[in-house]
Each structure stands twice: as C-alpha cells, then as structure tokens.
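The structure under discussion appears below in the form of structure tokens.
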Amino acid sequence: MSNNQNPQTNQTTDQLTTLLRGFGSRSILHQQAIVQSLGIPANDYISIDLLNELGPLTAGELADKTGLSTGTITALIDRLEKIGYARREKDPNDRRRVIIVPTYDDREEIKSAYQPLDTAMRHLAQEYSESELELINHFLAKAVSVLDDQLQRK
C-alpha cells in the first residue's frame with residue numbers, strides 16, 4: 001500500500017470517508033429498524049451484538065466497550081437475561097469473575113430480522129474476486145479498529 005498522496009488520491013480518500021459515513025448512518029438506521037421490530041432497546045441490542053461479535057465479556061469490559069456506566073450495564077444484563085438474550089456465567093479462567101454470554105444466536109426472530117440484509121450482502125460480495133474480498137475484509141477490520149480507538153477517546 002502506498003503512502004504517496006497526490007490530488008487524485010486525496011479525492012478518492014475523501015470519497016471513501018464520505019461513503020463510510022453514509023454506510024455508518026445507514027447501518028444505524030437498519031439497526032434501529034431491527035431493534036424496533038424486536039421490541040428491544042437499542043443499547044441492549046448493541047450490547048448483545050457486541051457480545052456476539054467479541055465473545056463473552058465481564059460487565060466492566062462491556063461497560064468500557066459501550067461507554068455505559070457499570071450500573072447501567074448491570075440493569076441491561078438483567079433485562080437481557082430476562083428475555084433470554086444473554087446469561088451470566090462463572091469465568092472458566094477465574095471463578096471469581098462473572099462473564100456475560102450471548103444466547104440469542106439461534107433465535108428465529110434474529111435470523112429473520114437479518115436474513116434479507118445477509119442475503120443482499122452475500123449477493124453483492126459475489127461481484128468481487130477472492131483477492132478483492134480479502135482486501136475489503138482487511139480494510140473493514142482496520143476500520144472497526146479505528147472506530148474502537150475513537151470510542152475509547154470519548
């Protein structure tokens with residue numbers, strides 16, 4: 001990857017950042033539509049989605065990732081347990097700690113909510129070669145890391 005910046009590269013980078021912001025906005029709107037259809041508060045669903053992506057976390061780790069207070073996270077976990085979207089378990093590596101484990105993966109309402117987007121994105125991905133998809137995946141993984149860094153600065 002080249003670090004040389006010419007006017008064309010700057011224009012392309014500007015376009016990329018604009019498109020990423022638009023993608024982010026659309027992702028938020030899509031997520032809001034899903035949580036509304038499921039009847040789950042947005043922070044609850046975002047937290048469980050993070051757990052699903054990152055794996056089990058402690059309440060403190062989840063608070064750090066979301067920016068929510070530990071008190072708010074405790075109430076959130078209580079709600080998620082009540083509706084069957086997460087459960088508390090003893091940490092197998094440290095029995096004194098409790099980890100929060102997502103349990104919604106195989107729930108039909110979640111599969112149904114995401115199926116249209118999943119199908120459309122898989123169809124879109126078929127337009128790209130394996131090496132192009134590897135590059136896109138690499139870029140998106142780094143973009144997620146940049147967002148995580150930005151969130152930690154807030």
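Chains: A, B, ... in order of the structure tokens. Residues: from 1 per chain. Ligands: from 1, in order shown.
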
Exercise for the section: Can you check which residues of region 98-141 of chain A DSSP gives as strand (DSSP E or B) on the backbone and send them as a ChimeraX atom specification? Expected result: /A:98-102

Would you save the residues from that selection as a PDB file, in the first residue's frame, using N, CA, C and O atoms?
```pdb
ATOM      1  N   VAL A  98     -17.469 -13.026  36.802  1.00  0.00           N
ATOM      2  CA  VAL A  98     -18.663 -13.421  36.058  1.00  0.00           C
ATOM      3  C   VAL A  98     -18.529 -12.832  34.660  1.00  0.00           C
ATOM      4  O   VAL A  98     -18.130 -11.673  34.492  1.00  0.00           O
ATOM      5  N   ILE A  99     -18.842 -13.638  33.660  1.00  0.00           N
ATOM      6  CA  ILE A  99     -18.840 -13.155  32.282  1.00  0.00           C
ATOM      7  C   ILE A  99     -20.269 -13.189  31.746  1.00  0.00           C
ATOM      8  O   ILE A  99     -21.104 -13.963  32.211  1.00  0.00           O
ATOM      9  N   ILE A 100     -20.511 -12.333  30.778  1.00  0.00           N
ATOM     10  CA  ILE A 100     -21.808 -12.253  30.137  1.00  0.00           C
ATOM     11  C   ILE A 100     -21.691 -12.965  28.793  1.00  0.00           C
ATOM     12  O   ILE A 100     -20.829 -12.632  27.976  1.00  0.00           O
ATOM     13  N   VAL A 101     -22.567 -13.939  28.561  1.00  0.00           N
ATOM     14  CA  VAL A 101     -22.515 -14.779  27.375  1.00  0.00           C
ATOM     15  C   VAL A 101     -23.768 -14.528  26.531  1.00  0.00           C
ATOM     16  O   VAL A 101     -24.880 -14.597  27.054  1.00  0.00           O
ATOM     17  N   PRO A 102     -23.594 -14.238  25.241  1.00  0.00           N
ATOM     18  CA  PRO A 102     -24.785 -14.047  24.387  1.00  0.00           C
ATOM     19  C   PRO A 102     -25.471 -15.386  24.139  1.00  0.00           C
ATOM     20  O   PRO A 102     -24.811 -16.415  24.005  1.00  0.00           O
TER      21      PRO A 102
END
```

Problem - Nearest candidate to Leu38 (chain A) (options A:Ile83, A:Ala125, A:Val146, A:Ala141; using only C-alpha atoms) - result: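 Among the listed residues, the smallest separation from Leu38 (chain A) belongs to A:Ile83.
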
Skipping near chain neighbours, those fewer than 2 positions away, what residues fall within 12 Å of Tyr85 (chain A) using only C-alpha atoms, listed as a compact mmCIF listing (two decimals) with C-alpha atoms, in the first residue's frame?
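Result went into around-v4.txt, see below:
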```txt
# COMPACT_ATOMS: atom_id res chain seq x y z
CA LEU A 38 -37.87 -6.89 18.03
CA ILE A 40 -35.60 -4.30 22.35
CA ASP A 44 -29.46 -3.54 24.92
CA TYR A 45 -29.28 -4.86 21.40
CA ILE A 46 -25.99 -3.14 20.59
CA SER A 47 -24.50 -4.64 23.74
CA ILE A 48 -25.66 -8.14 22.89
CA ASP A 49 -24.42 -7.71 19.32
CA LEU A 51 -21.03 -9.80 22.92
CA ASN A 52 -21.88 -11.92 19.93
CA LEU A 76 -29.08 -4.00 30.93
CA ILE A 77 -27.75 -7.51 31.64
CA ASP A 78 -30.72 -8.18 33.93
CA ARG A 79 -33.07 -7.24 31.06
CA LEU A 80 -31.16 -9.38 28.55
CA GLU A 81 -31.25 -12.38 30.88
CA LYS A 82 -34.98 -11.91 31.45
CA ILE A 83 -35.72 -12.06 27.69
CA ARG A 87 -26.74 -15.17 30.63
CA ARG A 88 -24.21 -14.74 33.40
CA ILE A 100 -21.81 -12.25 30.14
CA VAL A 101 -22.52 -14.78 27.37
CA PRO A 102 -24.79 -14.05 24.39
CA THR A 103 -27.54 -16.60 23.86
CA TYR A 104 -29.56 -15.15 21.01
CA ASP A 105 -27.60 -16.56 18.07
CA ASP A 106 -30.04 -19.26 17.10
CA ARG A 107 -33.24 -17.35 17.86
CA GLU A 109 -36.54 -13.65 15.25
CA ILE A 110 -32.88 -12.59 14.98
```

Practice task
Might you pull out every residue within 7 Å of Thr70 (chain A), with only C-alpha atoms counted and same-chain residues fewer than 6 positions away left off, and present them as JSON, numbers by chain?
Solution key: {"A": [59, 60, 63]}

Handout entry: Point-to-point distance in Å for CA of Pro56 (chain A) and CA of Gly84 (chain A)
Key =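 Atom-to-atom, CA of Gly84 (chain A) and CA of Pro56 (chain A) are spaced 15.1 Å apart.
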
Problem - Surrounding residues of Arg153 (chain A) excluding itself and chain neighbours under 3 positions, 12 Å, only C-alpha atoms, as a PyMOL selection string - result: chain A and resi 64-65+67+146-150

Exercise for the section: Grab the CA of Met121 (chain A) to CA of Lys142 (chain A) distance for me, in Å with one decimal place. Expected result: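 Computing the Euclidean distance for CA of Met121 (chain A) and CA of Lys142 (chain A) yields 19.4 Å.
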
Nearby residues (only C-alpha atoms) at most 12 Å from region 7-17 of chain A, same-chain spacing under 6 positions excluded, as a PDB file with C-alpha atoms, in the first residue's frame:
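As written to disk, out.pdb reads:
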```pdb
ATOM      1  CA  PHE A  23     -22.618   3.471   5.338  1.00  0.00           C
ATOM      2  CA  GLY A  24     -22.390   4.081   9.076  1.00  0.00           C
ATOM      3  CA  PHE A 139      -9.822  -2.641   5.277  1.00  0.00           C
ATOM      4  CA  LEU A 140     -13.061  -3.128   7.207  1.00  0.00           C
ATOM      5  CA  ALA A 143     -11.824   0.487  10.087  1.00  0.00           C
TER       6      ALA A 143
END
```
